[in-house]
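Q: Next up, entry.csv (CSV, C-alpha atoms).
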```
chain,number,residue,atom,x,y,z
C,1,GLY,CA,4.4,16.3,10.4
C,2,GLN,CA,2.3,13.4,9.3
C,3,GLN,CA,0.6,14.3,6.0
C,4,VAL,CA,-2.2,11.7,6.2
C,5,GLN,CA,-4.0,11.0,9.5
C,6,GLN,CA,-6.6,8.3,9.9
C,7,SER,CA,-9.2,8.0,12.7
C,8,PRO,CA,-10.2,6.2,14.6
C,9,ALA,CA,-7.1,4.0,15.0
C,10,SER,CA,-9.3,1.1,15.9
C,11,LEU,CA,-13.0,0.4,15.9
C,12,VAL,CA,-15.1,-2.5,17.2
C,13,LEU,CA,-18.6,-3.1,15.9
C,14,GLN,CA,-21.4,-5.5,16.3
C,15,GLU,CA,-22.5,-7.1,13.0
C,16,GLY,CA,-25.0,-4.9,11.3
C,17,GLU,CA,-23.8,-1.6,12.6
C,18,ASN,CA,-22.4,1.1,10.4
C,19,ALA,CA,-18.9,2.5,10.4
C,20,GLU,CA,-17.5,5.9,9.4
C,21,LEU,CA,-13.7,6.0,8.9
C,22,GLN,CA,-11.9,9.3,8.4
C,23,CYS,CA,-8.8,10.4,6.6
C,24,ASN,CA,-7.5,13.9,6.9
C,25,PHE,CA,-4.6,15.3,4.9
C,26,SER,CA,-2.4,18.3,5.1
C,27,THR,CA,-1.0,18.6,1.6
C,28,SER,CA,-2.4,19.1,-1.9
C,29,LEU,CA,-4.4,16.2,-3.3
C,30,ASN,CA,-4.6,14.7,-6.7
C,31,SER,CA,-6.7,11.8,-5.5
C,32,MET,CA,-7.4,9.7,-2.5
C,33,GLN,CA,-7.3,5.9,-2.6
C,34,TRP,CA,-8.8,3.6,0.0
C,35,PHE,CA,-7.5,0.1,0.6
C,36,TYR,CA,-8.6,-2.9,2.6
C,37,GLN,CA,-5.8,-4.8,4.1
C,38,ARG,CA,-6.7,-8.4,4.9
C,39,PRO,CA,-5.6,-10.0,8.2
C,40,GLY,CA,-3.0,-11.9,6.1
C,41,GLY,CA,-1.5,-8.6,4.9
C,42,SER,CA,-2.6,-8.4,1.2
C,43,LEU,CA,-4.0,-5.1,-0.1
C,44,VAL,CA,-7.3,-4.7,-1.9
C,45,SER,CA,-8.0,-1.4,-3.7
C,46,LEU,CA,-11.5,-0.2,-2.7
C,47,PHE,CA,-11.8,3.3,-4.2
C,48,TYR,CA,-9.8,5.7,-6.3
C,49,ASN,CA,-11.6,9.0,-5.5
C,50,PRO,CA,-10.3,12.4,-6.5
C,51,SER,CA,-13.4,14.2,-5.3
C,52,GLY,CA,-17.1,13.7,-4.6
C,53,THR,CA,-18.8,10.5,-3.6
C,54,LYS,CA,-18.4,7.0,-5.0
C,55,HIS,CA,-20.4,3.8,-4.1
C,56,SER,CA,-19.5,0.2,-4.2
C,57,GLY,CA,-22.0,-2.2,-2.6
C,58,ARG,CA,-22.1,-1.4,1.1
C,59,LEU,CA,-19.2,0.9,0.8
C,60,THR,CA,-19.2,4.7,0.2
C,61,SER,CA,-16.2,7.0,-0.2
C,62,THR,CA,-16.5,10.8,0.0
C,63,THR,CA,-13.6,13.1,-0.7
C,64,VAL,CA,-14.0,16.9,0.1
C,65,ILE,CA,-10.8,18.5,-1.2
C,66,LYS,CA,-11.4,22.0,0.3
C,67,GLU,CA,-11.9,20.5,3.7
C,68,ARG,CA,-8.9,18.2,3.2
C,69,ARG,CA,-10.7,15.0,4.2
C,70,SER,CA,-11.9,11.8,2.8
C,71,SER,CA,-14.2,9.3,4.5
C,72,LEU,CA,-15.2,5.6,4.0
C,73,HIS,CA,-18.6,4.6,5.1
C,74,ILE,CA,-19.4,0.9,5.7
C,75,SER,CA,-23.1,0.1,6.1
C,76,SER,CA,-24.5,-3.1,7.7
C,77,SER,CA,-21.1,-4.4,8.7
C,78,GLN,CA,-20.3,-8.1,8.4
C,79,THR,CA,-17.7,-10.1,10.2
C,80,THR,CA,-15.8,-10.5,6.9
C,81,ASP,CA,-15.3,-6.7,6.9
C,82,SER,CA,-12.8,-7.1,9.7
C,83,GLY,CA,-9.3,-6.0,8.8
C,84,THR,CA,-7.4,-2.8,8.4
C,85,TYR,CA,-8.6,0.1,6.2
C,86,LEU,CA,-5.9,2.4,4.7
C,87,CYS,CA,-6.3,5.7,3.0
C,88,ALA,CA,-3.5,6.9,0.7
C,89,LEU,CA,-2.9,10.3,-0.8
C,90,ASP,CA,-1.8,10.8,-4.3
C,91,ASN,CA,-0.5,14.4,-4.5
C,92,ASN,CA,0.2,14.3,-8.2
C,93,ALA,CA,3.6,12.7,-7.8
C,94,GLY,CA,2.7,9.8,-10.0
C,95,ALA,CA,1.7,6.6,-8.2
C,96,LYS,CA,3.8,7.6,-5.2
C,97,LEU,CA,1.2,7.2,-2.5
C,98,THR,CA,1.4,8.5,1.1
C,99,PHE,CA,-0.4,6.2,3.4
C,100,GLY,CA,-2.2,6.9,6.7
C,101,GLY,CA,-1.7,4.7,9.7
C,102,GLY,CA,-4.9,2.8,9.1
C,103,THR,CA,-8.1,2.0,11.0
C,104,ARG,CA,-8.3,-1.6,12.4
C,105,LEU,CA,-11.9,-2.7,12.2
C,106,THR,CA,-13.2,-5.7,14.2
C,107,VAL,CA,-16.8,-6.8,13.5
C,108,ARG,CA,-18.2,-9.2,16.1
C,109,PRO,CA,-21.0,-11.6,15.3
J,110,ASP,CA,-4.5,-15.9,-10.8
J,111,PRO,CA,-2.4,-13.2,-9.2
J,112,LYS,CA,-1.2,-10.6,-11.7
J,113,ILE,CA,1.6,-9.4,-9.5
J,114,ILE,CA,3.8,-12.2,-8.2
J,115,GLN,CA,6.1,-11.7,-5.2
J,116,LYS,CA,8.5,-14.3,-4.1
J,117,PRO,CA,9.1,-15.6,-1.5
J,118,LYS,CA,6.0,-15.0,0.6
J,119,TYR,CA,8.0,-15.3,3.8
J,120,LEU,CA,11.7,-14.9,4.3
J,121,VAL,CA,13.9,-15.2,7.4
J,122,ALA,CA,17.4,-13.9,7.3
J,123,VAL,CA,20.3,-13.4,9.7
J,124,THR,CA,21.8,-10.0,10.5
J,125,GLY,CA,24.4,-9.0,8.0
J,126,SER,CA,23.2,-11.3,5.2
J,127,GLU,CA,21.9,-10.3,1.8
J,128,LYS,CA,18.5,-11.2,0.3
J,129,ILE,CA,16.7,-10.6,-3.0
J,130,LEU,CA,13.0,-10.1,-3.1
J,131,ILE,CA,11.4,-11.0,-6.4
J,132,CYS,CA,8.6,-9.1,-8.2
J,133,GLU,CA,7.0,-9.9,-11.6
J,134,GLN,CA,3.9,-8.3,-13.0
J,135,TYR,CA,1.8,-9.7,-15.9
J,136,LEU,CA,-0.4,-6.6,-16.3
J,137,GLY,CA,1.6,-5.0,-19.1
J,138,HIS,CA,2.3,-2.0,-16.9
J,139,ASN,CA,5.2,0.3,-17.6
J,140,ALA,CA,5.7,1.4,-14.0
J,141,MET,CA,6.7,-0.6,-10.9
J,142,TYR,CA,7.2,0.3,-7.3
J,143,TRP,CA,8.4,-0.9,-3.9
J,144,TYR,CA,6.7,-0.1,-0.7
J,145,ARG,CA,7.5,-1.2,2.9
J,146,GLN,CA,5.3,-1.7,5.9
J,147,SER,CA,6.9,-2.2,9.3
J,148,ALA,CA,5.3,-2.6,12.7
J,149,LYS,CA,6.3,0.9,13.6
J,150,LYS,CA,5.4,2.9,10.5
J,151,PRO,CA,2.6,3.3,8.0
J,152,LEU,CA,3.1,1.7,4.6
J,153,GLU,CA,5.7,3.9,2.9
J,154,PHE,CA,7.0,4.4,-0.6
J,155,MET,CA,10.5,3.3,-1.4
J,156,PHE,CA,11.2,3.4,-5.2
J,157,SER,CA,9.5,3.9,-8.5
J,158,TYR,CA,10.6,2.7,-11.9
J,159,SER,CA,9.2,3.6,-15.3
J,160,TYR,CA,10.3,1.7,-18.4
J,161,GLN,CA,13.0,0.1,-16.3
J,162,LYS,CA,14.5,3.4,-15.2
J,163,LEU,CA,14.6,4.8,-11.7
J,164,MET,CA,12.2,7.7,-11.3
J,165,ASP,CA,12.1,8.3,-7.5
J,166,ASN,CA,14.0,7.0,-4.6
J,167,GLN,CA,12.8,7.7,-1.0
J,168,THR,CA,15.1,5.2,0.7
J,169,ALA,CA,18.0,6.8,2.5
J,170,SER,CA,20.1,3.7,2.7
J,171,SER,CA,22.1,2.4,-0.3
J,172,ARG,CA,21.7,-1.1,1.1
J,173,PHE,CA,18.4,-1.2,-0.8
J,174,GLN,CA,18.9,-1.6,-4.5
J,175,PRO,CA,16.2,-2.3,-7.0
J,176,GLN,CA,17.1,-4.4,-10.0
J,177,SER,CA,15.1,-4.5,-13.3
J,178,SER,CA,16.3,-7.2,-15.6
J,179,LYS,CA,13.1,-7.2,-17.7
J,180,LYS,CA,10.4,-4.6,-18.1
J,181,ASN,CA,7.9,-6.6,-16.0
J,182,HIS,CA,10.4,-7.4,-13.3
J,183,LEU,CA,11.5,-5.2,-10.4
J,184,ASP,CA,13.5,-7.1,-7.8
J,185,LEU,CA,14.8,-5.6,-4.5
J,186,GLN,CA,18.2,-6.5,-3.3
J,187,ILE,CA,18.9,-5.8,0.4
J,188,THR,CA,22.4,-6.1,1.7
J,189,ALA,CA,23.9,-6.1,5.2
J,190,LEU,CA,20.5,-6.8,6.7
J,191,LYS,CA,19.5,-5.4,10.1
J,192,PRO,CA,16.7,-6.3,12.4
J,193,ASP,CA,15.1,-2.9,11.7
J,194,ASP,CA,14.7,-4.1,8.1
J,195,SER,CA,12.1,-6.6,9.3
J,196,ALA,CA,8.9,-5.6,7.5
J,197,THR,CA,6.5,-6.6,4.7
J,198,TYR,CA,7.7,-5.4,1.4
J,199,PHE,CA,5.1,-4.8,-1.3
J,200,CYS,CA,5.6,-4.5,-5.0
J,201,ALA,CA,3.1,-2.5,-7.0
J,202,SER,CA,2.7,-1.6,-10.7
J,203,SER,CA,0.7,0.8,-12.7
J,204,GLN,CA,0.2,2.1,-16.2
J,205,ASP,CA,1.8,5.5,-16.3
J,206,MET,CA,0.5,7.4,-13.3
J,207,GLU,CA,-2.8,5.5,-12.8
J,208,ALA,CA,-3.6,4.1,-9.4
J,209,PRO,CA,-1.2,1.2,-8.6
J,210,LEU,CA,-2.1,-2.4,-7.9
J,211,PHE,CA,-0.3,-4.2,-5.2
J,212,GLY,CA,1.2,-7.6,-4.8
J,213,GLU,CA,0.7,-9.8,-1.8
J,214,GLY,CA,3.9,-8.8,-0.2
J,215,THR,CA,7.0,-10.6,1.1
J,216,ARG,CA,7.3,-10.7,4.9
J,217,LEU,CA,10.9,-10.4,5.9
J,218,SER,CA,12.2,-11.2,9.4
J,219,VAL,CA,15.8,-10.4,10.2
J,220,LEU,CA,17.1,-12.2,13.3
```
Using structure tokens, write down the structure from this file.
A:
Amino acid sequence: GQQVQQSPASLVLQEGENAELQCNFSTSLNSMQWFYQRPGGSLVSLFYNPSGTKHSGRLTSTTVIKERRSSLHISSSQTTDSGTYLCALDNNAGAKLTFGGGTRLTVRP
Amino acid sequence: DPKIIQKPKYLVAVTGSEKILICEQYLGHNAMYWYRQSAKKPLEFMFSYSYQKLMDNQTASSRFQPQSSKKNHLDLQITALKPDDSATYFCASSQDMEAPLFGEGTRLSVL
């Protein structure tokens, strides 16, 4: 079965609303990485988060290993946040990441 | 300036042909990788190289062959191309087992 599952698959927000993206995993975890994939396809690393909570501007990542989940919170969304958000599991096999299917976020003005 | 350069950005090929996807990194990393993202599947790991040696291969088909002529290069040769090979191929690199950084990708379309 799929080791990394993301929800929701897609999300539409009005500008200014908050978003909570979820990532659940079924195997052991060394770390969870969150990426933003631009509409053109390039990947931007957002967080490398083995456990606990990390903040970067309007973004917050929380990984709870014993519950096998990680979340990405986007506050006060902007139209430029539109794109696909990917989580990727690093299960201590080097940099071989297992990706989830992504959440496609659309923020409307 | 991009630190991981993938060439070409877009590539169109005919079924049965052979193509080489180029990847160079200027980060001084010792490990390089290839990942693939198709319309039907999540982004998936293909190969990892460390110090120019193959470490892991998750690609079932021998039609995919990485080539490392220099320590900062990891090209991907694909032979006997099929329409199902259509995907975006991402190169990545890291220092040892740190979190990898990704290139911009090569979007391959096989007709």
Q: What separation in Å, quoted to one decimal, exists between CA of Trp34 in chain C and CA of Ser76 in chain C?
A: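 Taking CA of Trp34 in chain C as the start and CA of Ser76 in chain C as the end point, the length is 18.7 Å.
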Q: Calculated over only C-alpha atoms, which of the candidates C:Phe35, C:Tyr85, C:Phe25, C:Tyr48 has the smallest distance to chain J?
A: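 When distances to chain J are compared using only C-alpha atoms, the smallest one comes from C:Tyr48.
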Q: Sort by chain and increasing residue number a table of all residues of chain C within 10 Å of chain J, each with its closest pair of atoms and their distance in Å to one decimal, counting all atoms listed in the file, and write it as JSON lines.
A:
```
{"residue": "C:Val4", "atom": "CA", "partner": "J:Pro151", "partner_atom": "CA", "distance": 9.8}
{"residue": "C:Ser31", "atom": "CA", "partner": "J:Ala208", "partner_atom": "CA", "distance": 9.2}
{"residue": "C:Met32", "atom": "CA", "partner": "J:Ala208", "partner_atom": "CA", "distance": 9.7}
{"residue": "C:Gln33", "atom": "CA", "partner": "J:Ala208", "partner_atom": "CA", "distance": 7.9}
{"residue": "C:Gly40", "atom": "CA", "partner": "J:Glu213", "partner_atom": "CA", "distance": 9.0}
{"residue": "C:Gly41", "atom": "CA", "partner": "J:Glu213", "partner_atom": "CA", "distance": 7.2}
{"residue": "C:Ser42", "atom": "CA", "partner": "J:Glu213", "partner_atom": "CA", "distance": 4.7}
{"residue": "C:Leu43", "atom": "CA", "partner": "J:Phe211", "partner_atom": "CA", "distance": 6.4}
{"residue": "C:Val44", "atom": "CA", "partner": "J:Phe211", "partner_atom": "CA", "distance": 7.8}
{"residue": "C:Ser45", "atom": "CA", "partner": "J:Leu210", "partner_atom": "CA", "distance": 7.3}
{"residue": "C:Phe47", "atom": "CA", "partner": "J:Ala208", "partner_atom": "CA", "distance": 9.7}
{"residue": "C:Tyr48", "atom": "CA", "partner": "J:Ala208", "partner_atom": "CA", "distance": 7.1}
{"residue": "C:Leu86", "atom": "CA", "partner": "J:Leu152", "partner_atom": "CA", "distance": 9.0}
{"residue": "C:Ala88", "atom": "CA", "partner": "J:Leu152", "partner_atom": "CA", "distance": 9.3}
{"residue": "C:Asp90", "atom": "CA", "partner": "J:Ala208", "partner_atom": "CA", "distance": 8.6}
{"residue": "C:Asn92", "atom": "CA", "partner": "J:Met206", "partner_atom": "CA", "distance": 8.6}
{"residue": "C:Ala93", "atom": "CA", "partner": "J:Met206", "partner_atom": "CA", "distance": 8.2}
{"residue": "C:Gly94", "atom": "CA", "partner": "J:Met206", "partner_atom": "CA", "distance": 4.6}
{"residue": "C:Ala95", "atom": "CA", "partner": "J:Met206", "partner_atom": "CA", "distance": 5.3}
{"residue": "C:Lys96", "atom": "CA", "partner": "J:Phe154", "partner_atom": "CA", "distance": 6.5}
{"residue": "C:Leu97", "atom": "CA", "partner": "J:Phe154", "partner_atom": "CA", "distance": 6.7}
{"residue": "C:Thr98", "atom": "CA", "partner": "J:Glu153", "partner_atom": "CA", "distance": 6.5}
{"residue": "C:Phe99", "atom": "CA", "partner": "J:Leu152", "partner_atom": "CA", "distance": 5.8}
{"residue": "C:Gly100", "atom": "CA", "partner": "J:Pro151", "partner_atom": "CA", "distance": 6.1}
{"residue": "C:Gly101", "atom": "CA", "partner": "J:Pro151", "partner_atom": "CA", "distance": 4.8}
{"residue": "C:Gly102", "atom": "CA", "partner": "J:Pro151", "partner_atom": "CA", "distance": 7.6}
```
Q: Take the selection from the previous step and output its residues with C-alpha atoms, as a PDB file, keeping the file's coordinate frame.
A:
```pdb
ATOM      1  CA  VAL C   4      -2.200  11.700   6.200  1.00  0.00           C
ATOM      2  CA  SER C  31      -6.700  11.800  -5.500  1.00  0.00           C
ATOM      3  CA  MET C  32      -7.400   9.700  -2.500  1.00  0.00           C
ATOM      4  CA  GLN C  33      -7.300   5.900  -2.600  1.00  0.00           C
ATOM      5  CA  GLY C  40      -3.000 -11.900   6.100  1.00  0.00           C
ATOM      6  CA  GLY C  41      -1.500  -8.600   4.900  1.00  0.00           C
ATOM      7  CA  SER C  42      -2.600  -8.400   1.200  1.00  0.00           C
ATOM      8  CA  LEU C  43      -4.000  -5.100  -0.100  1.00  0.00           C
ATOM      9  CA  VAL C  44      -7.300  -4.700  -1.900  1.00  0.00           C
ATOM     10  CA  SER C  45      -8.000  -1.400  -3.700  1.00  0.00           C
ATOM     11  CA  PHE C  47     -11.800   3.300  -4.200  1.00  0.00           C
ATOM     12  CA  TYR C  48      -9.800   5.700  -6.300  1.00  0.00           C
ATOM     13  CA  LEU C  86      -5.900   2.400   4.700  1.00  0.00           C
ATOM     14  CA  ALA C  88      -3.500   6.900   0.700  1.00  0.00           C
ATOM     15  CA  ASP C  90      -1.800  10.800  -4.300  1.00  0.00           C
ATOM     16  CA  ASN C  92       0.200  14.300  -8.200  1.00  0.00           C
ATOM     17  CA  ALA C  93       3.600  12.700  -7.800  1.00  0.00           C
ATOM     18  CA  GLY C  94       2.700   9.800 -10.000  1.00  0.00           C
ATOM     19  CA  ALA C  95       1.700   6.600  -8.200  1.00  0.00           C
ATOM     20  CA  LYS C  96       3.800   7.600  -5.200  1.00  0.00           C
ATOM     21  CA  LEU C  97       1.200   7.200  -2.500  1.00  0.00           C
ATOM     22  CA  THR C  98       1.400   8.500   1.100  1.00  0.00           C
ATOM     23  CA  PHE C  99      -0.400   6.200   3.400  1.00  0.00           C
ATOM     24  CA  GLY C 100      -2.200   6.900   6.700  1.00  0.00           C
ATOM     25  CA  GLY C 101      -1.700   4.700   9.700  1.00  0.00           C
ATOM     26  CA  GLY C 102      -4.900   2.800   9.100  1.00  0.00           C
TER      27      GLY C 102
END
```
Q: Can you pull out every residue within 10 Å of range 186-195 of chain J, counting only C-alpha atoms, but drop anything in the same chain fewer than 5 positions away, and send it as a PDB file with C-alpha atoms, keeping the file's coordinate frame?
A:
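Final file, part_33.pdb:
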```pdb
ATOM      1  CA  LEU J 120      11.700 -14.900   4.300  1.00  0.00           C
ATOM      2  CA  VAL J 121      13.900 -15.200   7.400  1.00  0.00           C
ATOM      3  CA  ALA J 122      17.400 -13.900   7.300  1.00  0.00           C
ATOM      4  CA  VAL J 123      20.300 -13.400   9.700  1.00  0.00           C
ATOM      5  CA  THR J 124      21.800 -10.000  10.500  1.00  0.00           C
ATOM      6  CA  GLY J 125      24.400  -9.000   8.000  1.00  0.00           C
ATOM      7  CA  SER J 126      23.200 -11.300   5.200  1.00  0.00           C
ATOM      8  CA  GLU J 127      21.900 -10.300   1.800  1.00  0.00           C
ATOM      9  CA  LYS J 128      18.500 -11.200   0.300  1.00  0.00           C
ATOM     10  CA  ILE J 129      16.700 -10.600  -3.000  1.00  0.00           C
ATOM     11  CA  LEU J 130      13.000 -10.100  -3.100  1.00  0.00           C
ATOM     12  CA  ILE J 131      11.400 -11.000  -6.400  1.00  0.00           C
ATOM     13  CA  ARG J 145       7.500  -1.200   2.900  1.00  0.00           C
ATOM     14  CA  GLN J 146       5.300  -1.700   5.900  1.00  0.00           C
ATOM     15  CA  SER J 147       6.900  -2.200   9.300  1.00  0.00           C
ATOM     16  CA  ALA J 148       5.300  -2.600  12.700  1.00  0.00           C
ATOM     17  CA  LYS J 149       6.300   0.900  13.600  1.00  0.00           C
ATOM     18  CA  SER J 170      20.100   3.700   2.700  1.00  0.00           C
ATOM     19  CA  SER J 171      22.100   2.400  -0.300  1.00  0.00           C
ATOM     20  CA  ARG J 172      21.700  -1.100   1.100  1.00  0.00           C
ATOM     21  CA  PHE J 173      18.400  -1.200  -0.800  1.00  0.00           C
ATOM     22  CA  GLN J 174      18.900  -1.600  -4.500  1.00  0.00           C
ATOM     23  CA  PRO J 175      16.200  -2.300  -7.000  1.00  0.00           C
ATOM     24  CA  GLN J 176      17.100  -4.400 -10.000  1.00  0.00           C
ATOM     25  CA  ARG J 216       7.300 -10.700   4.900  1.00  0.00           C
ATOM     26  CA  LEU J 217      10.900 -10.400   5.900  1.00  0.00           C
ATOM     27  CA  SER J 218      12.200 -11.200   9.400  1.00  0.00           C
ATOM     28  CA  VAL J 219      15.800 -10.400  10.200  1.00  0.00           C
ATOM     29  CA  LEU J 220      17.100 -12.200  13.300  1.00  0.00           C
TER      30      LEU J 220
END
```
Q: Could you tell me how far CA of Ser82 in chain C sits from CA of Leu105 in chain C, in Å to one decimal place?
A: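 CA of Ser82 in chain C lies at a distance of 5.1 Å from CA of Leu105 in chain C.
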